[in-house]
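Written out below as structure tokens is the structure these notes cover.
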Amino acid sequence: MFGAIAPSRRLSIVLLCTALLGLGFQNCAVAQQVPTDPTSTHIFPAGGRRGSKVDVRVGSECLPPHSRFRLWGAGVSAPLELGPATAGDYAPSPRRKPTELPITYVREWQSQIEIGAEAPLGAKLWRLSCARGGTGGRPFIVGDLPEFIETEPNSRPHEAQKVTLPVTINGQIAGESDLDYYSFDAQPGDLVRVDMVAARLGSALDPVIELYGPNGSRVAVDEVRVGADPVLAYKVVSPGEYRLLVSNVNFHGGPSYVYRVTISTAPFAHFAFPAGGTAGAALKTNCFTLSGEGTLFPLPEQLVLPTALGEQWLTAQTGMNALPFTVGDLPEAIETEGNDTKETATELAWPLTMNGQFQSKTDDDWYRLAARKDTPLTIECVTVPRWSPALPIVTVTDINGGPLAHLSAVQTPRGSIRIEWAPPADGDYRIRVRDLQQGVRGGPEFIYRLGVRPATPDFSLFLKSDVANVVQGGRADLEVAVERRGGFNGPLELKVQGLPEGFKIEGQQVAPGQETARLALIADADARSQDVTLTITGVAEIAGKPVERVAAATHLGHDADGVGLGPTTIDNVQLTVMHKPVFKLYCNEAYQYAHRGTVYPYLMEVERLDGFAGPIRLQVADRQIKDLDGIELVDTTVKPEQSQFMLPVYLPETMHINVQAHSNVYAQGDVEFVDKHGQKQTLLVVSTMRCMIRTLPTVAKLRTVERELVAKRGAEITCRVALDRTSHFSGPMQVQLVEPDAASGISAKPVSIPEGATSGEIVVNLAADAFAASPAGARQPALRQLKFRAIGTMADGVQVISEATLPLKVVE
């Protein structure tokens, strides 16, 4: 785009840095200041309809081209390798002053997901990997409604995109000024519900949704939160066209600000009560749905619970959203009101799970139980669903209300209460359950499940992440949380199933009483670089018998409180065996000076390892320690024979003045190679050091004499340009039209401004069908922007670039 760097300039930089190169940049002691682990950021659209093929853009940071793409779940498939780089047609962000805060630049890649006609509904998981490591699992949602994909522009009410209900809309708040408007028709009596899904996908978006009526005014709606995502319901009064506005709670935006919003007239169930039952039994429950009139409407439903224990997501009726139900192994009962004091306590004949609610802000629930000194009890209290606002406090008391044991949901790591209690004597006792917000909040959605059973020794294992990366010859430590219950305090052994050849483990013995273990995965130097699925289990001897439990690992498809669109844990860990680095990048991390509006050649060095001699493709790094303020690195390929090279750094003339003391730019390089096992590998490396530049004023500025051009299609019009020079630059410059492209029907031949000259003319031609490629019915903007670029070369070989824009008004 910007041309080559002149040999004379390259030579001067080499001479200036000869002494440093003699020492070698790689010998400089410097710490890497940006994280370099690969991560996924999003997939768009984030779901699709059964029986369709969905073209998707997959977002990542610090992953090379042709990274591996893996998709798990019945009925879905995708290519095993990402396609070419791509980008959406995003709404532009307003220009802001650069900050000193770290910033990331997401890259997107093409792929396609095929969804079978009988694919089960719900979330499937996907992840990315390469020789540099793998990423955690993120959800892709399989739905059964028609799907709509947002296109820009739709940031103004009159640009609202028309949809027909029911529909699931896929969108992105991809710029700081981006707002997304959609419109639909509704009739009086329709109950329209709007279910926003963003945070539950793990999206960066903190969504806000608003509904506007046919008169353009915002309408009053029922609004609830499912985790961090809003859900609206509106009972239509007036017929006509309604508009939905989607935005972010703050001004941020980007490709990873992805959402799915479903608009339909099917009932939306916020929660169910009771929210669980005994495995394999029939459950009569009420699904509390939004009425659109300020109340919750209970829909009686009957379900047959599965035999698998734990959280199960079930759909009560066709078209209704799925809800989590807790499937247990104890008899069940439902609390009845009138138990607000210890004297009126409800009898709890354990073993039993009691389903209760804090129906009002003053509700206090007391239970009476008979206990024996020789029978320790496990008392558990959990809220269902996870987005319930309830924060229970459980207190075990004597018959006079004297506290014997006490625990609050806010004191536990996962918000669930477990009290291991040994009765001091045979007799009657009380359990008091109240909410931390008592006196302030309450209602039918404040649901809890209180379980009392004889203490049975057992344990569970949890992992914070579902991914592990280990480099050849290295190790990774996995933190395993051990949740002990029922008085179990003994040792246990951790085991790993699926471990590939060339690996060993350490730290598998967990001592008595130990609640956190570190399991080390250690790779030989010659271990094959690959992806494998691991299952981590713990085995303990309890009551003379071996008991084995599988560790649950948390994936990325959830909000900050752990609320997702289904289970947020899986029973395996994805291990990527990383290939050891085959090259390193260095540069002179010392201030250099360059003019804004130039392409500055920055001297860099590559250290090749283990005989690697292939080409290296360089570009600006995805992660930076501060805003680049428009700086670009011209994509460069380092040839196999090169160890030192010039990296072209484009410093735009529009950079802010006196805002940042200097510019720091990290570069990254990617390679493809075949490893010793005959496998194709892709790898990305971020430079160890920064390109550090202090900017100087521009040496030339291009501008247009006219403030606006007015022309008819098929016409030819002359545009006058002027060049404001400084004493630092008097050379010739070539001016060309760079935007819009030739497909728009507008063209212009480049013109040269001679050495020392300060003006020129460029002839712009409008074809008879200029801009005719716009979609049928699309609104044509009143003004088009023309962009001209002037390119020249300073005496030392540095390229000079200046740009100017000019509005073009096309008239009939």
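Numbering starts fresh at 1 for the residues of each chain in the structure tokens, the chains themselves are lettered A, B, ... in the order given, and ligands are numbered from 1 as they appear.
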### Message
as a PyMOL selection string, please: the residues near Ala269 of chain A (cut-off 9 Å, only C-alpha atoms, same-chain neighbours under 6 positions excluded).
### Response
chain A and resi 287-290+298-299+320-323
Could you write out the selected residues, including C-alpha atoms, as a tab-separated table (two decimals), in the first residue's frame?
```tsv
chain	number	residue	atom	x	y	z
A	287	CYS	CA	-43.70	-21.50	35.28
A	288	PHE	CA	-43.90	-17.80	36.11
A	289	THR	CA	-44.15	-15.92	32.83
A	290	LEU	CA	-44.07	-12.22	32.01
A	298	PRO	CA	-48.09	-18.69	36.72
A	299	LEU	CA	-48.56	-21.36	34.05
A	320	MET	CA	-41.14	-21.51	25.76
A	321	ASN	CA	-37.56	-20.92	26.88
A	322	ALA	CA	-35.70	-23.65	28.76
A	323	LEU	CA	-35.25	-23.36	32.54
```
### Query
Contacts of Val638 of chain A at 10 Å or less, counting only C-alpha atoms, minus same-chain residues fewer than 4 places along, as a ChimeraX atom specification?
/A:605-606,614-618,642-647,669
Dump N, CA, C and O atoms for the selected residues as a PDB file, in the first residue's frame?
```pdb
ATOM      1  N   GLU A 605      15.177  -7.477  14.395  1.00  0.00           N
ATOM      2  CA  GLU A 605      16.019  -8.664  14.245  1.00  0.00           C
ATOM      3  C   GLU A 605      15.206  -9.905  14.575  1.00  0.00           C
ATOM      4  O   GLU A 605      14.358  -9.874  15.472  1.00  0.00           O
ATOM      5  N   VAL A 606      15.435 -10.969  13.834  1.00  0.00           N
ATOM      6  CA  VAL A 606      14.785 -12.240  14.090  1.00  0.00           C
ATOM      7  C   VAL A 606      15.837 -13.268  14.479  1.00  0.00           C
ATOM      8  O   VAL A 606      16.898 -13.358  13.868  1.00  0.00           O
ATOM      9  N   GLY A 614      12.106 -20.801   7.449  1.00  0.00           N
ATOM     10  CA  GLY A 614      10.995 -20.402   6.595  1.00  0.00           C
ATOM     11  C   GLY A 614      10.710 -18.909   6.668  1.00  0.00           C
ATOM     12  O   GLY A 614      11.257 -18.182   7.505  1.00  0.00           O
ATOM     13  N   PRO A 615       9.842 -18.426   5.788  1.00  0.00           N
ATOM     14  CA  PRO A 615       9.443 -17.017   5.818  1.00  0.00           C
ATOM     15  C   PRO A 615       8.584 -16.714   7.048  1.00  0.00           C
ATOM     16  O   PRO A 615       7.892 -17.591   7.573  1.00  0.00           O
ATOM     17  N   ILE A 616       8.619 -15.459   7.478  1.00  0.00           N
ATOM     18  CA  ILE A 616       7.849 -15.002   8.637  1.00  0.00           C
ATOM     19  C   ILE A 616       7.021 -13.803   8.201  1.00  0.00           C
ATOM     20  O   ILE A 616       7.567 -12.835   7.671  1.00  0.00           O
ATOM     21  N   ARG A 617       5.712 -13.873   8.398  1.00  0.00           N
ATOM     22  CA  ARG A 617       4.813 -12.776   8.042  1.00  0.00           C
ATOM     23  C   ARG A 617       4.601 -11.889   9.264  1.00  0.00           C
ATOM     24  O   ARG A 617       4.190 -12.371  10.319  1.00  0.00           O
ATOM     25  N   LEU A 618       4.876 -10.591   9.117  1.00  0.00           N
ATOM     26  CA  LEU A 618       4.767  -9.663  10.238  1.00  0.00           C
ATOM     27  C   LEU A 618       3.605  -8.703  10.046  1.00  0.00           C
ATOM     28  O   LEU A 618       3.304  -8.297   8.919  1.00  0.00           O
ATOM     29  N   GLN A 642      17.041 -13.756   5.863  1.00  0.00           N
ATOM     30  CA  GLN A 642      17.167 -12.517   6.615  1.00  0.00           C
ATOM     31  C   GLN A 642      17.224 -12.768   8.120  1.00  0.00           C
ATOM     32  O   GLN A 642      16.475 -13.588   8.653  1.00  0.00           O
ATOM     33  N   SER A 643      18.101 -12.035   8.790  1.00  0.00           N
ATOM     34  CA  SER A 643      18.116 -12.004  10.250  1.00  0.00           C
ATOM     35  C   SER A 643      17.823 -10.601  10.769  1.00  0.00           C
ATOM     36  O   SER A 643      17.406 -10.434  11.909  1.00  0.00           O
ATOM     37  N   GLN A 644      18.088  -9.578   9.918  1.00  0.00           N
ATOM     38  CA  GLN A 644      17.759  -8.196  10.248  1.00  0.00           C
ATOM     39  C   GLN A 644      16.928  -7.631   9.097  1.00  0.00           C
ATOM     40  O   GLN A 644      17.148  -7.968   7.938  1.00  0.00           O
ATOM     41  N   PHE A 645      15.988  -6.771   9.453  1.00  0.00           N
ATOM     42  CA  PHE A 645      15.114  -6.231   8.417  1.00  0.00           C
ATOM     43  C   PHE A 645      14.506  -4.937   8.919  1.00  0.00           C
ATOM     44  O   PHE A 645      14.523  -4.627  10.113  1.00  0.00           O
ATOM     45  N   MET A 646      13.959  -4.165   7.974  1.00  0.00           N
ATOM     46  CA  MET A 646      13.292  -2.924   8.296  1.00  0.00           C
ATOM     47  C   MET A 646      11.777  -3.156   8.325  1.00  0.00           C
ATOM     48  O   MET A 646      11.202  -3.641   7.345  1.00  0.00           O
ATOM     49  N   LEU A 647      11.148  -2.819   9.426  1.00  0.00           N
ATOM     50  CA  LEU A 647       9.700  -2.938   9.566  1.00  0.00           C
ATOM     51  C   LEU A 647       9.073  -1.573   9.308  1.00  0.00           C
ATOM     52  O   LEU A 647       9.301  -0.622  10.067  1.00  0.00           O
ATOM     53  N   GLY A 669       4.568 -11.920  14.499  1.00  0.00           N
ATOM     54  CA  GLY A 669       4.856 -12.663  13.283  1.00  0.00           C
ATOM     55  C   GLY A 669       4.262 -14.046  13.342  1.00  0.00           C
ATOM     56  O   GLY A 669       4.172 -14.657  14.411  1.00  0.00           O
TER      57      GLY A 669
END
```
### Message
Need to verify the contact set: Val58 of chain A, 10 Å, only C-alpha atoms, exclusion of same-chain residues closer than 4 positions in sequence. Can you return it as a VMD selection string?
### Response
chain A and resid 40 to 46 69 82 to 83 85 to 87 106 to 112 127 to 128 255 to 256
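The environment of segment 485-497 of chain A within 6 Å, counting only C-alpha atoms and disregarding residues fewer than 4 places along the same chain, consists of Ala455, Thr456, Pro457, Asp458, Phe459, Gln508, Gln509, Val510, Ala511, Pro512, Gly513, Leu534, Thr535, Ile536, Thr537, Gly538, Val539 and Ala540 of chain A.
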Expected file contents, prior selection, N, CA, C and O atoms, as a PDB file, in the first residue's frame:
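Written output follows (result_9.pdb):
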```pdb
ATOM      1  N   ALA A 455     -25.371 -37.043  57.272  1.00  0.00           N
ATOM      2  CA  ALA A 455     -24.077 -36.733  56.670  1.00  0.00           C
ATOM      3  C   ALA A 455     -23.491 -37.989  56.042  1.00  0.00           C
ATOM      4  O   ALA A 455     -23.268 -38.995  56.719  1.00  0.00           O
ATOM      5  N   THR A 456     -23.275 -37.916  54.743  1.00  0.00           N
ATOM      6  CA  THR A 456     -22.689 -39.026  53.992  1.00  0.00           C
ATOM      7  C   THR A 456     -21.385 -38.541  53.389  1.00  0.00           C
ATOM      8  O   THR A 456     -21.383 -37.624  52.556  1.00  0.00           O
ATOM      9  N   PRO A 457     -20.245 -39.116  53.782  1.00  0.00           N
ATOM     10  CA  PRO A 457     -18.959 -38.627  53.270  1.00  0.00           C
ATOM     11  C   PRO A 457     -18.901 -38.694  51.736  1.00  0.00           C
ATOM     12  O   PRO A 457     -19.266 -39.700  51.125  1.00  0.00           O
ATOM     13  N   ASP A 458     -18.471 -37.601  51.115  1.00  0.00           N
ATOM     14  CA  ASP A 458     -18.356 -37.534  49.668  1.00  0.00           C
ATOM     15  C   ASP A 458     -17.526 -36.308  49.319  1.00  0.00           C
ATOM     16  O   ASP A 458     -17.116 -35.536  50.196  1.00  0.00           O
ATOM     17  N   PHE A 459     -17.296 -36.103  48.014  1.00  0.00           N
ATOM     18  CA  PHE A 459     -16.514 -34.945  47.579  1.00  0.00           C
ATOM     19  C   PHE A 459     -16.839 -34.635  46.123  1.00  0.00           C
ATOM     20  O   PHE A 459     -17.385 -35.461  45.389  1.00  0.00           O
ATOM     21  N   GLN A 508      -0.595 -35.613  42.199  1.00  0.00           N
ATOM     22  CA  GLN A 508      -1.885 -36.298  42.168  1.00  0.00           C
ATOM     23  C   GLN A 508      -2.369 -36.733  43.549  1.00  0.00           C
ATOM     24  O   GLN A 508      -3.530 -37.103  43.703  1.00  0.00           O
ATOM     25  N   GLN A 509      -1.510 -36.682  44.554  1.00  0.00           N
ATOM     26  CA  GLN A 509      -1.919 -37.067  45.902  1.00  0.00           C
ATOM     27  C   GLN A 509      -2.433 -35.844  46.653  1.00  0.00           C
ATOM     28  O   GLN A 509      -1.737 -34.844  46.790  1.00  0.00           O
ATOM     29  N   VAL A 510      -3.670 -35.924  47.114  1.00  0.00           N
ATOM     30  CA  VAL A 510      -4.292 -34.841  47.872  1.00  0.00           C
ATOM     31  C   VAL A 510      -4.354 -35.277  49.328  1.00  0.00           C
ATOM     32  O   VAL A 510      -4.951 -36.309  49.655  1.00  0.00           O
ATOM     33  N   ALA A 511      -3.738 -34.485  50.189  1.00  0.00           N
ATOM     34  CA  ALA A 511      -3.620 -34.847  51.594  1.00  0.00           C
ATOM     35  C   ALA A 511      -4.948 -34.732  52.324  1.00  0.00           C
ATOM     36  O   ALA A 511      -5.858 -34.023  51.873  1.00  0.00           O
ATOM     37  N   PRO A 512      -5.100 -35.413  53.463  1.00  0.00           N
ATOM     38  CA  PRO A 512      -6.330 -35.290  54.253  1.00  0.00           C
ATOM     39  C   PRO A 512      -6.621 -33.823  54.595  1.00  0.00           C
ATOM     40  O   PRO A 512      -5.733 -33.076  55.013  1.00  0.00           O
ATOM     41  N   GLY A 513      -7.856 -33.428  54.395  1.00  0.00           N
ATOM     42  CA  GLY A 513      -8.274 -32.067  54.709  1.00  0.00           C
ATOM     43  C   GLY A 513      -7.898 -31.017  53.690  1.00  0.00           C
ATOM     44  O   GLY A 513      -8.351 -29.873  53.773  1.00  0.00           O
ATOM     45  N   LEU A 534      -8.906 -34.345  27.923  1.00  0.00           N
ATOM     46  CA  LEU A 534      -8.558 -34.993  29.187  1.00  0.00           C
ATOM     47  C   LEU A 534      -9.779 -35.060  30.097  1.00  0.00           C
ATOM     48  O   LEU A 534     -10.615 -34.156  30.095  1.00  0.00           O
ATOM     49  N   THR A 535      -9.861 -36.118  30.860  1.00  0.00           N
ATOM     50  CA  THR A 535     -10.837 -36.232  31.934  1.00  0.00           C
ATOM     51  C   THR A 535     -10.081 -36.399  33.235  1.00  0.00           C
ATOM     52  O   THR A 535      -9.259 -37.308  33.367  1.00  0.00           O
ATOM     53  N   ILE A 536     -10.336 -35.492  34.164  1.00  0.00           N
ATOM     54  CA  ILE A 536      -9.634 -35.516  35.445  1.00  0.00           C
ATOM     55  C   ILE A 536     -10.597 -36.031  36.507  1.00  0.00           C
ATOM     56  O   ILE A 536     -11.707 -35.512  36.657  1.00  0.00           O
ATOM     57  N   THR A 537     -10.187 -37.051  37.217  1.00  0.00           N
ATOM     58  CA  THR A 537     -11.025 -37.652  38.250  1.00  0.00           C
ATOM     59  C   THR A 537     -10.271 -37.711  39.564  1.00  0.00           C
ATOM     60  O   THR A 537      -9.037 -37.641  39.611  1.00  0.00           O
ATOM     61  N   GLY A 538     -11.037 -37.823  40.622  1.00  0.00           N
ATOM     62  CA  GLY A 538     -10.469 -38.054  41.945  1.00  0.00           C
ATOM     63  C   GLY A 538     -11.016 -39.344  42.509  1.00  0.00           C
ATOM     64  O   GLY A 538     -12.208 -39.646  42.347  1.00  0.00           O
ATOM     65  N   VAL A 539     -10.163 -40.113  43.152  1.00  0.00           N
ATOM     66  CA  VAL A 539     -10.563 -41.396  43.728  1.00  0.00           C
ATOM     67  C   VAL A 539     -10.203 -41.377  45.209  1.00  0.00           C
ATOM     68  O   VAL A 539      -9.086 -41.001  45.589  1.00  0.00           O
ATOM     69  N   ALA A 540     -11.175 -41.732  46.048  1.00  0.00           N
ATOM     70  CA  ALA A 540     -10.948 -41.808  47.495  1.00  0.00           C
ATOM     71  C   ALA A 540     -11.610 -43.067  48.032  1.00  0.00           C
ATOM     72  O   ALA A 540     -12.561 -43.586  47.441  1.00  0.00           O
TER      73      ALA A 540
END
```
### Task
Pick out the residues sitting within 9 Å of Gln736 of chain A, and hand them over as a count of residues only; count only C-alpha atoms, and ignore anything fewer than 3 positions along from it in its own chain.
11
### Message
Give me the residues near Thr285 of chain A as a ChimeraX atom specification, where near means some atom within 6 Å (using only C-alpha atoms) and where sequence neighbours in that chain fewer than 2 positions away do not count.
### Response
/A:273-274,300-301
